[in-house]
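A.B. asks: This is query-v4.csv (CSV, C-alpha atoms and all ligand atoms).
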chain,number,residue,atom,x,y,z
O,30,MET,CA,-71.5,-80.8,8.9
O,31,TYR,CA,-72.8,-77.2,8.4
O,32,ARG,CA,-76.0,-76.4,10.2
O,33,MET,CA,-78.2,-74.2,8.1
O,34,LEU,CA,-81.5,-73.9,6.4
O,35,GLU,CA,-80.4,-73.2,2.9
O,36,PHE,CA,-82.2,-72.2,-0.4
O,37,SER,CA,-80.0,-72.6,-3.5
O,38,GLY,CA,-81.3,-71.2,-6.8
O,39,VAL,CA,-84.9,-72.1,-5.8
O,40,SER,CA,-87.8,-71.4,-8.2
O,41,TYR,CA,-91.3,-72.4,-7.7
O,42,ASP,CA,-94.2,-72.3,-10.2
O,43,TYR,CA,-97.7,-73.4,-9.0
O,44,PRO,CA,-99.1,-76.0,-11.3
O,45,GLY,CA,-101.7,-74.4,-13.7
O,46,HIS,CA,-100.7,-70.9,-12.5
O,47,GLY,CA,-100.7,-69.6,-16.1
O,48,THR,CA,-98.3,-67.4,-18.0
O,49,ASP,CA,-97.4,-65.1,-15.0
O,50,GLN,CA,-94.0,-65.1,-13.6
O,51,PRO,CA,-93.3,-68.0,-11.2
O,52,ALA,CA,-94.2,-67.4,-7.5
O,53,LEU,CA,-90.5,-67.6,-6.7
O,54,THR,CA,-87.5,-67.3,-9.0
O,55,ASP,CA,-83.9,-68.2,-8.4
O,56,MET,CA,-84.0,-67.6,-4.6
O,57,THR,CA,-80.7,-68.2,-2.8
O,58,CYS,CA,-80.5,-67.5,1.0
O,59,SER,CA,-79.6,-69.2,4.2
O,60,ILE,CA,-80.7,-69.1,7.8
O,61,GLY,CA,-78.1,-70.1,10.4
O,62,GLN,CA,-78.6,-71.2,14.0
O,63,GLY,CA,-79.0,-68.4,16.5
O,64,GLU,CA,-79.9,-65.7,14.0
O,65,ILE,CA,-83.0,-63.9,13.0
O,66,VAL,CA,-83.5,-63.4,9.3
O,67,ALA,CA,-86.5,-61.2,8.4
O,68,LEU,CA,-88.2,-61.7,5.1
O,69,LEU,CA,-90.1,-58.7,3.8
O,70,GLY,CA,-92.2,-58.2,0.7
O,71,ALA,CA,-95.5,-56.9,-0.6
O,72,ASN,CA,-98.7,-59.0,-1.1
O,73,GLY,CA,-98.1,-61.8,-3.6
O,74,SER,CA,-94.3,-61.3,-3.6
O,75,GLY,CA,-93.7,-65.0,-2.8
O,76,LYS,CA,-93.2,-65.0,1.0
O,77,SER,CA,-95.6,-67.8,1.9
O,78,THR,CA,-94.4,-69.8,-1.0
O,79,LEU,CA,-90.9,-69.7,0.4
O,80,VAL,CA,-92.4,-70.7,3.8
O,81,ARG,CA,-94.0,-73.8,2.3
O,82,LEU,CA,-90.7,-74.7,0.6
O,83,SER,CA,-88.8,-74.5,3.9
O,84,ASN,CA,-90.1,-77.8,5.3
O,85,GLY,CA,-91.0,-79.7,2.1
O,86,ILE,CA,-94.7,-78.9,1.9
O,87,LEU,CA,-93.8,-77.7,-1.5
O,88,VAL,CA,-90.6,-78.9,-3.3
O,89,PRO,CA,-88.8,-76.6,-5.7
O,90,SER,CA,-89.5,-76.6,-9.4
O,91,ALA,CA,-85.7,-75.8,-9.8
O,92,GLY,CA,-82.9,-75.6,-7.2
O,93,THR,CA,-82.7,-77.2,-3.8
O,94,VAL,CA,-83.7,-76.5,-0.2
O,95,ARG,CA,-81.6,-78.2,2.4
O,96,VAL,CA,-81.9,-78.4,6.2
O,97,ASP,CA,-78.6,-79.2,7.9
O,98,GLY,CA,-77.6,-80.7,4.5
O,99,ILE,CA,-80.8,-82.8,4.2
O,100,PRO,CA,-82.7,-82.1,0.9
O,101,THR,CA,-86.5,-81.5,1.4
O,102,ASP,CA,-87.4,-83.4,-1.8
O,103,ASP,CA,-86.4,-86.8,-0.5
O,104,ASP,CA,-89.6,-88.6,0.6
O,105,GLU,CA,-87.7,-90.9,2.9
O,106,LEU,CA,-86.2,-88.0,4.8
O,107,ILE,CA,-89.3,-85.7,5.0
O,108,TRP,CA,-89.9,-86.4,8.8
O,109,GLU,CA,-86.3,-85.6,9.5
O,110,VAL,CA,-86.9,-82.3,7.7
O,111,ARG,CA,-90.2,-81.6,9.4
O,112,SER,CA,-88.7,-82.2,12.9
O,113,ARG,CA,-85.9,-79.7,12.2
O,114,VAL,CA,-88.0,-76.9,10.7
O,115,GLY,CA,-91.0,-75.7,12.7
O,116,VAL,CA,-93.4,-73.7,10.7
O,117,VAL,CA,-96.2,-71.4,11.9
O,118,PHE,CA,-98.4,-70.6,9.0
O,119,GLN,CA,-100.0,-67.3,8.2
O,120,ASN,CA,-103.4,-68.0,9.8
O,121,PRO,CA,-102.9,-70.2,12.8
O,122,ASP,CA,-106.6,-70.1,13.7
O,123,ASN,CA,-107.3,-72.5,10.8
O,124,GLN,CA,-104.7,-74.9,12.2
O,125,ILE,CA,-105.9,-75.6,15.7
O,126,VAL,CA,-106.7,-79.3,16.1
O,127,GLY,CA,-106.6,-79.9,19.9
O,128,THR,CA,-109.6,-79.4,22.2
O,129,VAL,CA,-107.4,-78.0,24.9
O,130,VAL,CA,-104.1,-76.1,24.9
O,131,GLU,CA,-101.8,-78.9,26.0
O,132,GLU,CA,-103.3,-81.3,23.5
O,133,GLU,CA,-102.7,-78.8,20.7
O,134,VAL,CA,-99.0,-78.4,21.7
O,135,ALA,CA,-98.5,-82.2,22.1
O,136,PHE,CA,-99.9,-83.0,18.7
O,137,GLY,CA,-96.7,-82.5,16.7
O,138,PRO,CA,-94.3,-84.4,18.9
O,139,GLU,CA,-96.9,-87.2,19.4
O,140,ASN,CA,-97.0,-87.7,15.7
O,141,LEU,CA,-93.2,-87.9,15.8
O,142,GLY,CA,-93.6,-90.8,18.2
O,143,VAL,CA,-92.4,-89.0,21.4
O,144,LYS,CA,-93.1,-91.0,24.5
O,145,ARG,CA,-95.7,-89.9,27.2
O,146,ASN,CA,-93.3,-88.7,29.9
O,147,GLU,CA,-91.1,-86.8,27.5
O,148,LEU,CA,-94.2,-85.4,25.9
O,149,ARG,CA,-95.1,-83.8,29.2
O,150,SER,CA,-91.8,-82.0,29.6
O,151,ARG,CA,-91.8,-80.9,26.0
O,152,VAL,CA,-95.3,-79.4,26.3
O,153,ASP,CA,-94.4,-77.6,29.6
O,154,GLU,CA,-91.2,-76.3,28.1
O,155,ALA,CA,-92.9,-75.0,24.9
O,156,LEU,CA,-95.7,-73.3,26.9
O,157,ALA,CA,-93.2,-71.7,29.2
O,158,ALA,CA,-91.2,-70.4,26.3
O,159,VAL,CA,-94.3,-68.5,25.0
O,160,GLY,CA,-95.7,-67.4,28.4
O,161,LEU,CA,-98.8,-69.7,28.3
O,162,THR,CA,-98.0,-71.7,31.5
O,163,GLY,CA,-101.1,-72.2,33.5
O,164,LEU,CA,-103.5,-72.3,30.5
O,165,GLU,CA,-102.9,-76.1,29.7
O,166,ARG,CA,-106.6,-77.0,30.1
O,167,ARG,CA,-108.0,-73.9,28.4
O,168,GLU,CA,-109.9,-74.4,25.2
O,169,PRO,CA,-108.0,-72.8,22.3
O,170,HIS,CA,-111.0,-70.9,20.9
O,171,LEU,CA,-111.3,-69.0,24.2
O,172,LEU,CA,-107.8,-67.6,23.8
O,173,SER,CA,-107.1,-64.0,22.6
O,174,GLY,CA,-105.5,-63.5,19.2
O,175,GLY,CA,-102.1,-63.0,20.7
O,176,GLN,CA,-102.5,-66.1,22.8
O,177,LYS,CA,-103.5,-68.1,19.8
O,178,GLN,CA,-100.5,-66.9,17.9
O,179,ARG,CA,-98.2,-67.9,20.9
O,180,LEU,CA,-100.0,-71.3,21.1
O,181,ALA,CA,-99.2,-71.9,17.4
O,182,ILE,CA,-95.5,-71.0,18.2
O,183,ALA,CA,-95.5,-73.4,21.2
O,184,GLY,CA,-96.9,-76.2,18.9
O,185,ALA,CA,-93.9,-75.7,16.6
O,186,LEU,CA,-91.4,-75.5,19.5
O,187,ALA,CA,-92.6,-78.8,21.0
O,188,MET,CA,-90.9,-80.5,18.1
O,189,ARG,CA,-87.6,-78.9,19.4
O,190,PRO,CA,-86.8,-77.6,15.9
O,191,GLY,CA,-83.4,-76.1,15.0
O,192,TYR,CA,-85.2,-73.6,12.8
O,193,LEU,CA,-88.5,-71.8,13.2
O,194,VAL,CA,-90.3,-70.2,10.3
O,195,LEU,CA,-93.0,-67.7,11.2
O,196,ASP,CA,-95.3,-66.4,8.5
O,197,GLU,CA,-96.6,-63.0,9.5
O,198,PRO,CA,-96.9,-63.9,13.2
O,199,THR,CA,-97.7,-60.3,14.3
O,200,SER,CA,-100.1,-59.3,11.5
O,201,MET,CA,-103.3,-59.8,13.4
O,202,LEU,CA,-102.0,-58.6,16.8
O,203,ASP,CA,-102.4,-55.4,18.7
O,204,PRO,CA,-99.1,-53.5,19.8
O,205,ALA,CA,-98.9,-55.4,23.1
O,206,GLY,CA,-99.3,-58.8,21.3
O,207,ARG,CA,-96.8,-57.8,18.7
O,208,SER,CA,-94.1,-56.9,21.2
O,209,ASP,CA,-94.8,-60.2,23.1
O,210,VAL,CA,-94.2,-62.2,19.9
O,211,LEU,CA,-91.1,-60.1,19.0
O,212,GLY,CA,-89.7,-60.8,22.5
O,213,ILE,CA,-90.3,-64.5,22.1
O,214,ILE,CA,-88.4,-64.5,18.8
O,215,ASP,CA,-85.5,-62.7,20.4
O,216,ARG,CA,-85.3,-65.2,23.3
O,217,LEU,CA,-85.4,-68.2,20.9
O,218,ARG,CA,-82.6,-66.7,18.8
O,219,ASP,CA,-80.6,-66.3,22.0
O,220,SER,CA,-81.1,-69.9,22.8
O,221,GLY,CA,-79.7,-70.9,19.4
O,222,THR,CA,-82.8,-71.4,17.2
O,223,GLY,CA,-82.5,-70.1,13.6
O,224,ILE,CA,-85.5,-67.9,12.9
O,225,LEU,CA,-87.0,-66.9,9.6
O,226,HIS,CA,-89.5,-64.1,10.4
O,227,VAL,CA,-91.8,-63.3,7.5
O,228,THR,CA,-93.5,-59.9,7.8
O,229,HIS,CA,-94.7,-56.9,5.9
O,230,HIS,CA,-94.0,-54.6,8.8
O,231,LEU,CA,-90.6,-52.9,8.3
O,232,ALA,CA,-90.8,-51.9,12.0
O,233,ASP,CA,-90.7,-55.6,12.9
O,234,THR,CA,-87.4,-56.2,11.2
O,235,LEU,CA,-85.4,-53.7,13.2
O,236,GLY,CA,-84.3,-56.4,15.7
O,237,ALA,CA,-83.3,-58.9,12.9
O,238,ASP,CA,-79.7,-59.8,12.1
O,239,ARG,CA,-80.4,-59.7,8.4
O,240,VAL,CA,-83.2,-58.6,6.2
O,241,LEU,CA,-84.3,-60.2,2.8
O,242,VAL,CA,-86.7,-58.4,0.5
O,243,LEU,CA,-88.7,-60.2,-2.1
O,244,HIS,CA,-90.3,-58.4,-5.1
O,245,LYS,CA,-92.4,-60.4,-7.6
O,246,GLY,CA,-90.7,-63.6,-6.5
O,247,ARG,CA,-87.1,-62.4,-6.7
O,248,LEU,CA,-84.7,-61.5,-4.0
O,249,VAL,CA,-84.0,-57.8,-4.4
O,250,TYR,CA,-82.2,-57.0,-1.2
O,251,GLU,CA,-80.2,-58.7,1.5
O,252,GLY,CA,-78.5,-56.8,4.2
O,253,LEU,CA,-78.8,-55.1,7.6
O,254,PRO,CA,-82.1,-53.6,8.7
O,255,ASP,CA,-80.6,-50.1,9.0
O,256,GLU,CA,-79.0,-50.2,5.6
O,257,LEU,CA,-82.4,-51.1,4.1
O,258,LEU,CA,-84.1,-48.3,6.0
O,259,PHE,CA,-81.6,-45.6,5.2
O,260,GLY,CA,-80.2,-47.0,1.9
O,261,ALA,CA,-80.9,-46.1,-1.7
O,262,LEU,CA,-83.6,-48.7,-2.3
O,263,ASP,CA,-87.0,-47.2,-3.2
O,264,LEU,CA,-89.1,-49.0,-0.5
O,265,THR,CA,-92.4,-47.6,-1.7
O,266,ALA,CA,-91.8,-49.1,-5.2
O,267,LEU,CA,-91.3,-52.5,-3.5
O,268,GLY,CA,-94.7,-52.1,-1.8
O,269,LEU,CA,-93.1,-51.5,1.6
O,270,ARG,CA,-94.2,-48.7,4.0
O,271,LEU,CA,-91.8,-47.0,6.4
O,272,PRO,CA,-92.5,-47.6,10.1
O,273,ALA,CA,-95.0,-45.0,11.5
O,274,ALA,CA,-92.2,-43.4,13.6
O,275,MET,CA,-90.1,-42.8,10.5
O,276,ARG,CA,-93.0,-41.4,8.6
O,277,PHE,CA,-93.5,-39.0,11.5
O,278,ALA,CA,-89.7,-38.1,11.4
O,279,GLU,CA,-90.0,-37.3,7.7
O,280,GLU,CA,-93.0,-35.1,8.3
O,281,LEU,CA,-91.1,-33.3,11.0
O,282,ARG,CA,-88.2,-32.7,8.6
O,283,ARG,CA,-90.6,-31.4,6.0
O,284,GLN,CA,-91.8,-28.9,8.6
O,285,GLY,CA,-88.2,-27.7,9.0
O,286,VAL,CA,-87.3,-29.6,12.2
O,287,THR,CA,-83.7,-30.7,12.3
O,288,LEU,CA,-83.3,-34.4,13.0
O,289,THR,CA,-80.3,-36.7,12.8
O,290,ALA,CA,-80.4,-38.9,9.7
O,291,ARG,CA,-80.9,-42.1,11.6
O,292,ALA,CA,-84.0,-41.2,13.7
O,293,ARG,CA,-85.9,-44.4,13.1
O,294,ASP,CA,-88.1,-45.1,16.1
O,295,ALA,CA,-89.9,-43.1,18.8
O,296,SER,CA,-87.0,-43.0,21.3
O,297,SER,CA,-84.4,-42.0,18.7
O,298,ILE,CA,-86.7,-39.3,17.4
O,299,GLY,CA,-87.1,-38.1,21.0
O,300,GLU,CA,-83.4,-38.0,21.4
O,301,ALA,CA,-82.9,-36.2,18.1
O,302,LEU,CA,-85.3,-33.5,19.2
O,303,TRP,CA,-84.4,-33.0,22.9
O,304,GLY,CA,-81.3,-35.2,23.5
E,1,LIG,N1,-102.0,-72.3,-4.0
E,1,LIG,C1,-101.7,-71.4,-5.0
E,1,LIG,N2,-102.0,-71.7,-6.3
E,1,LIG,C2,-101.7,-70.9,-7.3
E,1,LIG,N3,-101.0,-69.7,-7.1
E,1,LIG,C3,-100.7,-69.4,-5.9
E,1,LIG,C4,-101.0,-70.2,-4.8
E,1,LIG,N4,-100.5,-69.6,-3.6
E,1,LIG,C5,-99.9,-68.5,-4.0
E,1,LIG,N5,-100.0,-68.3,-5.4
E,1,LIG,C6,-99.5,-67.2,-6.2
E,1,LIG,O1,-98.1,-67.2,-6.0
E,1,LIG,C7,-97.6,-65.8,-5.8
E,1,LIG,C8,-96.9,-65.6,-4.5
E,1,LIG,O2,-97.9,-65.8,-3.5
E,1,LIG,P1,-97.5,-65.9,-1.9
E,1,LIG,O3,-98.7,-66.4,-1.2
E,1,LIG,O4,-96.3,-66.7,-1.8
E,1,LIG,O5,-97.2,-64.4,-1.6
E,1,LIG,P2,-97.1,-63.7,-0.2
E,1,LIG,O6,-95.9,-62.8,-0.3
E,1,LIG,O7,-97.1,-64.6,0.9
E,1,LIG,O8,-98.4,-62.8,-0.1
E,1,LIG,P3,-99.2,-62.2,1.2
E,1,LIG,O9,-98.4,-61.0,1.7
E,1,LIG,O10,-100.5,-61.8,0.6
E,1,LIG,O11,-99.3,-63.3,2.2
E,1,LIG,C9,-98.9,-64.9,-6.0
E,1,LIG,O12,-98.9,-64.5,-7.4
E,1,LIG,C10,-100.0,-65.9,-5.7
E,1,LIG,O13,-101.1,-65.5,-6.5
E,2,MG,MG,-98.2,-64.8,2.6
Will you turn the file into structure tokens for me?
C.D. replies:
Amino acid sequence: MYRMLEFSGVSYDYPGHGTDQPALTDMTCSIGQGEIVALLGANGSGKSTLVRLSNGILVPSAGTVRVDGIPTDDDELIWEVRSRVGVVFQNPDNQIVGTVVEEEVAFGPENLGVKRNELRSRVDEALAAVGLTGLERREPHLLSGGQKQRLAIAGALAMRPGYLVLDEPTSMLDPAGRSDVLGIIDRLRDSGTGILHVTHHLADTLGADRVLVLHKGRLVYEGLPDELLFGALDLTALGLRLPAAMRFAEELRRQGVTLTARARDASSIGEALWG
């Protein structure tokens, strides 16, 4: 059996949404195990709708979503779907239910019926994966923004999902918190998890294996991060902003500085200048 999180011709229209275009139209894409797929798009382009469709919180108005071949719209298989696709929603602060960190992480697998002794090892493993070991008894509201985001990821990981869907996991973090989360995503990919990383920061997609771009609910690009950055697509028209380092490189070029075409981050710009 093929192992994949797969959207085939998926459309979604919120009930009573009016005459506007649907939130998502005819979306086809897949996330395999051991790869990072980044999903980019402006506000309202349909990213979070796709996230809600990934584990059956919403079911498609048309088309199908399948996880390892299991359709998300079969009520009898919904827990099978939810145990395979871990989701961290856009604002994890609103999702905290535990009074201490370890309780928060245990919540998901406990609901799946995981036994006490296995629960312990799952919680320990998940906290270690996000670098929160030692904070088991800490109250979640005392954590920093970055720690809360990592706690939310640990909660999803404790289900031992094959796929992890992260909705803007770095949007509220400072640069250090962002690079922590990006590092966690890389390590999870290396251990075989399939990752869908939803973001509106182009800079956060540079380490992805593939990038998808949504515009007004439709897929308008699928390809490599570099091809998106240096290709023909008008990124501004899609509501995307170039990474700060690339805007800086453009400004340098405008001032007459010669830079290689592919200067895309601080170190490649440095090399292009002095390398
Ligand atoms: N619960 C809802 N009920 C009705 N319409 C909704 C609902 N949630 C989203 N929408 C609409 O669906 C469209 C896509 O929204 P969605 O939240 O998926 O976009 P997004 O790309 O995640 O945006 P953001 O970057 O702001 O998080 C928008 O037009 C939005 O207004
Ligand atoms: Mg969103």
A.B. asks: Which residues sit within 12 Å of ligand LIG 1 (chain E), counting all atoms listed in the file, listed as a VMD selection string?
C.D. replies: chain O and resid 40 to 54 68 to 82 86 to 87 118 to 120 195 to 198 200 227 to 230 242 to 248 267 to 269
A.B. asks: Once you have the residues from the selection above, write them out as a CSV table (one decimal), in the coordinates of the input, restricted to C-alpha atoms.
C.D. replies:
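Result saved to part_28.csv:
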chain,number,residue,atom,x,y,z
O,40,SER,CA,-87.8,-71.4,-8.2
O,41,TYR,CA,-91.3,-72.4,-7.7
O,42,ASP,CA,-94.2,-72.3,-10.2
O,43,TYR,CA,-97.7,-73.4,-9.0
O,44,PRO,CA,-99.1,-76.0,-11.3
O,45,GLY,CA,-101.7,-74.4,-13.7
O,46,HIS,CA,-100.7,-70.9,-12.5
O,47,GLY,CA,-100.7,-69.6,-16.1
O,48,THR,CA,-98.3,-67.4,-18.0
O,49,ASP,CA,-97.4,-65.1,-15.0
O,50,GLN,CA,-94.0,-65.1,-13.6
O,51,PRO,CA,-93.3,-68.0,-11.2
O,52,ALA,CA,-94.2,-67.4,-7.5
O,53,LEU,CA,-90.5,-67.6,-6.7
O,54,THR,CA,-87.5,-67.3,-9.0
O,68,LEU,CA,-88.2,-61.7,5.1
O,69,LEU,CA,-90.1,-58.7,3.8
O,70,GLY,CA,-92.2,-58.2,0.7
O,71,ALA,CA,-95.5,-56.9,-0.6
O,72,ASN,CA,-98.7,-59.0,-1.1
O,73,GLY,CA,-98.1,-61.8,-3.6
O,74,SER,CA,-94.3,-61.3,-3.6
O,75,GLY,CA,-93.7,-65.0,-2.8
O,76,LYS,CA,-93.2,-65.0,1.0
O,77,SER,CA,-95.6,-67.8,1.9
O,78,THR,CA,-94.4,-69.8,-1.0
O,79,LEU,CA,-90.9,-69.7,0.4
O,80,VAL,CA,-92.4,-70.7,3.8
O,81,ARG,CA,-94.0,-73.8,2.3
O,82,LEU,CA,-90.7,-74.7,0.6
O,86,ILE,CA,-94.7,-78.9,1.9
O,87,LEU,CA,-93.8,-77.7,-1.5
O,118,PHE,CA,-98.4,-70.6,9.0
O,119,GLN,CA,-100.0,-67.3,8.2
O,120,ASN,CA,-103.4,-68.0,9.8
O,195,LEU,CA,-93.0,-67.7,11.2
O,196,ASP,CA,-95.3,-66.4,8.5
O,197,GLU,CA,-96.6,-63.0,9.5
O,198,PRO,CA,-96.9,-63.9,13.2
O,200,SER,CA,-100.1,-59.3,11.5
O,227,VAL,CA,-91.8,-63.3,7.5
O,228,THR,CA,-93.5,-59.9,7.8
O,229,HIS,CA,-94.7,-56.9,5.9
O,230,HIS,CA,-94.0,-54.6,8.8
O,242,VAL,CA,-86.7,-58.4,0.5
O,243,LEU,CA,-88.7,-60.2,-2.1
O,244,HIS,CA,-90.3,-58.4,-5.1
O,245,LYS,CA,-92.4,-60.4,-7.6
O,246,GLY,CA,-90.7,-63.6,-6.5
O,247,ARG,CA,-87.1,-62.4,-6.7
O,248,LEU,CA,-84.7,-61.5,-4.0
O,267,LEU,CA,-91.3,-52.5,-3.5
O,268,GLY,CA,-94.7,-52.1,-1.8
O,269,LEU,CA,-93.1,-51.5,1.6
A.B. asks: Looking at O:Val117, O:Glu109, O:Thr162, O:Arg239, which one is nearest to ligand MG 2 (chain E), with distances taken over all atoms listed in the file?
C.D. replies: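 Using all atoms listed in the file, ligand MG 2 (chain E) sits closest to O:Val117.
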A.B. asks: Counting all atoms listed in the file, what is within 12 Å of Gly299 of chain O, bar same-chain residues fewer than 3 positions away, as a PyMOL selection string?
C.D. replies: chain O and resi 274-275+277-278+281+287-289+291-296+302-304
A.B. asks: So what do you get for atom CA of Thr101 of chain O versus atom CA of Ala67 of chain O, distance-wise?
C.D. replies: 21.5 Å
A.B. asks: Between O:Ala155, O:Leu217, O:Met201, O:Val249, which has the minimum distance to Thr57 of chain O (counting only C-alpha atoms)?
C.D. replies: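 Of O:Ala155, O:Leu217, O:Met201, O:Val249, the one nearest Thr57 of chain O is O:Val249, counting only C-alpha atoms.
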A.B. asks: List the neighbours of Leu171 of chain O out to 12 Å using only C-alpha atoms; skip same-chain residues closer than 3 positions along the sequence, and give me the result as number ranges by chain.
C.D. replies: O: 122, 128-130, 164, 166-168, 174-177, 180
A.B. asks: Store the residues picked out above, limited to C-alpha atoms, as an mmCIF file, in the frame of the given file.
C.D. replies:
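Resulting contents of selection_23.cif:
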data_model
loop_
_atom_site.group_PDB
_atom_site.id
_atom_site.type_symbol
_atom_site.label_atom_id
_atom_site.label_comp_id
_atom_site.auth_asym_id
_atom_site.auth_seq_id
_atom_site.Cartn_x
_atom_site.Cartn_y
_atom_site.Cartn_z
ATOM 1 C CA ASP O 122 -106.600 -70.100 13.700
ATOM 2 C CA THR O 128 -109.600 -79.400 22.200
ATOM 3 C CA VAL O 129 -107.400 -78.000 24.900
ATOM 4 C CA VAL O 130 -104.100 -76.100 24.900
ATOM 5 C CA LEU O 164 -103.500 -72.300 30.500
ATOM 6 C CA ARG O 166 -106.600 -77.000 30.100
ATOM 7 C CA ARG O 167 -108.000 -73.900 28.400
ATOM 8 C CA GLU O 168 -109.900 -74.400 25.200
ATOM 9 C CA GLY O 174 -105.500 -63.500 19.200
ATOM 10 C CA GLY O 175 -102.100 -63.000 20.700
ATOM 11 C CA GLN O 176 -102.500 -66.100 22.800
ATOM 12 C CA LYS O 177 -103.500 -68.100 19.800
ATOM 13 C CA LEU O 180 -100.000 -71.300 21.100
#
A.B. asks: Between atom CA of Ala158 of chain O and atom CA of Ala183 of chain O, measure the distance and give it in Å to one decimal.
C.D. replies: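 Going from atom CA of Ala158 of chain O over to atom CA of Ala183 of chain O, I get 7.3 Å.
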A.B. asks: Which of these residues is nearest to ligand MG 2 (chain E), using only C-alpha atoms and all ligand atoms: O:Asp255, O:Gly285, O:Ile60, O:His226?
C.D. replies: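 Among O:Asp255, O:Gly285, O:Ile60, O:His226, it is O:His226 that comes nearest to ligand MG 2 (chain E).
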A.B. asks: Neighbouring residues of Gly61 of chain O were defined as those with any atom within 9 Å, considering only C-alpha atoms; residues of the same chain fewer than 5 positions away were excluded. Please report them as number ranges by chain.
C.D. replies: O: 32-35, 66, 192, 222-224
A.B. asks: Determine the nearest neighbour of Asp103 of chain O from the options O:Ser220, O:Ser297, O:Asn84, O:Thr199, counting only C-alpha atoms.
C.D. replies: O:Asn84
A.B. asks: Near segment 133-146 of chain O, within 12 Å and counting only C-alpha atoms, which residues show up once chain neighbours fewer than 3 positions away are dropped, as a ChimeraX atom specification?
C.D. replies: /O:107-116,121-122,124-130,149-157,159,161-162,164-170,177,179-190
A.B. asks: Save the residues we just selected, C-alpha atoms, as a PDB file, keeping the file's coordinate frame?
C.D. replies:
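Just written: again_32.pdb:
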ATOM      1  CA  ILE O 107     -89.300 -85.700   5.000  1.00  0.00           C
ATOM      2  CA  TRP O 108     -89.900 -86.400   8.800  1.00  0.00           C
ATOM      3  CA  GLU O 109     -86.300 -85.600   9.500  1.00  0.00           C
ATOM      4  CA  VAL O 110     -86.900 -82.300   7.700  1.00  0.00           C
ATOM      5  CA  ARG O 111     -90.200 -81.600   9.400  1.00  0.00           C
ATOM      6  CA  SER O 112     -88.700 -82.200  12.900  1.00  0.00           C
ATOM      7  CA  ARG O 113     -85.900 -79.700  12.200  1.00  0.00           C
ATOM      8  CA  VAL O 114     -88.000 -76.900  10.700  1.00  0.00           C
ATOM      9  CA  GLY O 115     -91.000 -75.700  12.700  1.00  0.00           C
ATOM     10  CA  VAL O 116     -93.400 -73.700  10.700  1.00  0.00           C
ATOM     11  CA  PRO O 121    -102.900 -70.200  12.800  1.00  0.00           C
ATOM     12  CA  ASP O 122    -106.600 -70.100  13.700  1.00  0.00           C
ATOM     13  CA  GLN O 124    -104.700 -74.900  12.200  1.00  0.00           C
ATOM     14  CA  ILE O 125    -105.900 -75.600  15.700  1.00  0.00           C
ATOM     15  CA  VAL O 126    -106.700 -79.300  16.100  1.00  0.00           C
ATOM     16  CA  GLY O 127    -106.600 -79.900  19.900  1.00  0.00           C
ATOM     17  CA  THR O 128    -109.600 -79.400  22.200  1.00  0.00           C
ATOM     18  CA  VAL O 129    -107.400 -78.000  24.900  1.00  0.00           C
ATOM     19  CA  VAL O 130    -104.100 -76.100  24.900  1.00  0.00           C
ATOM     20  CA  ARG O 149     -95.100 -83.800  29.200  1.00  0.00           C
ATOM     21  CA  SER O 150     -91.800 -82.000  29.600  1.00  0.00           C
ATOM     22  CA  ARG O 151     -91.800 -80.900  26.000  1.00  0.00           C
ATOM     23  CA  VAL O 152     -95.300 -79.400  26.300  1.00  0.00           C
ATOM     24  CA  ASP O 153     -94.400 -77.600  29.600  1.00  0.00           C
ATOM     25  CA  GLU O 154     -91.200 -76.300  28.100  1.00  0.00           C
ATOM     26  CA  ALA O 155     -92.900 -75.000  24.900  1.00  0.00           C
ATOM     27  CA  LEU O 156     -95.700 -73.300  26.900  1.00  0.00           C
ATOM     28  CA  ALA O 157     -93.200 -71.700  29.200  1.00  0.00           C
ATOM     29  CA  VAL O 159     -94.300 -68.500  25.000  1.00  0.00           C
ATOM     30  CA  LEU O 161     -98.800 -69.700  28.300  1.00  0.00           C
ATOM     31  CA  THR O 162     -98.000 -71.700  31.500  1.00  0.00           C
ATOM     32  CA  LEU O 164    -103.500 -72.300  30.500  1.00  0.00           C
ATOM     33  CA  GLU O 165    -102.900 -76.100  29.700  1.00  0.00           C
ATOM     34  CA  ARG O 166    -106.600 -77.000  30.100  1.00  0.00           C
ATOM     35  CA  ARG O 167    -108.000 -73.900  28.400  1.00  0.00           C
ATOM     36  CA  GLU O 168    -109.900 -74.400  25.200  1.00  0.00           C
ATOM     37  CA  PRO O 169    -108.000 -72.800  22.300  1.00  0.00           C
ATOM     38  CA  HIS O 170    -111.000 -70.900  20.900  1.00  0.00           C
ATOM     39  CA  LYS O 177    -103.500 -68.100  19.800  1.00  0.00           C
ATOM     40  CA  ARG O 179     -98.200 -67.900  20.900  1.00  0.00           C
ATOM     41  CA  LEU O 180    -100.000 -71.300  21.100  1.00  0.00           C
ATOM     42  CA  ALA O 181     -99.200 -71.900  17.400  1.00  0.00           C
ATOM     43  CA  ILE O 182     -95.500 -71.000  18.200  1.00  0.00           C
ATOM     44  CA  ALA O 183     -95.500 -73.400  21.200  1.00  0.00           C
ATOM     45  CA  GLY O 184     -96.900 -76.200  18.900  1.00  0.00           C
ATOM     46  CA  ALA O 185     -93.900 -75.700  16.600  1.00  0.00           C
ATOM     47  CA  LEU O 186     -91.400 -75.500  19.500  1.00  0.00           C
ATOM     48  CA  ALA O 187     -92.600 -78.800  21.000  1.00  0.00           C
ATOM     49  CA  MET O 188     -90.900 -80.500  18.100  1.00  0.00           C
ATOM     50  CA  ARG O 189     -87.600 -78.900  19.400  1.00  0.00           C
ATOM     51  CA  PRO O 190     -86.800 -77.600  15.900  1.00  0.00           C
TER      52      PRO O 190
END
A.B. asks: Atom CA of Asp233 of chain O to atom CA of Tyr250 of chain O: how many Å, to one decimal?
C.D. replies: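 Between these atoms lies a distance of 16.5 Å.
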A.B. asks: List every protein, DNA or RNA residue with an atom no more than 8 Å from (-102.6, -57.8, 21.7) in the file's coordinates, counting all atoms listed in the file, and format the result as a list in words.
C.D. replies: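 Protein and nucleic acid residues near the point are Ser173, Gly174, Gly175, Leu202, Asp203, Pro204, Ala205, Gly206 and Arg207 of chain O.
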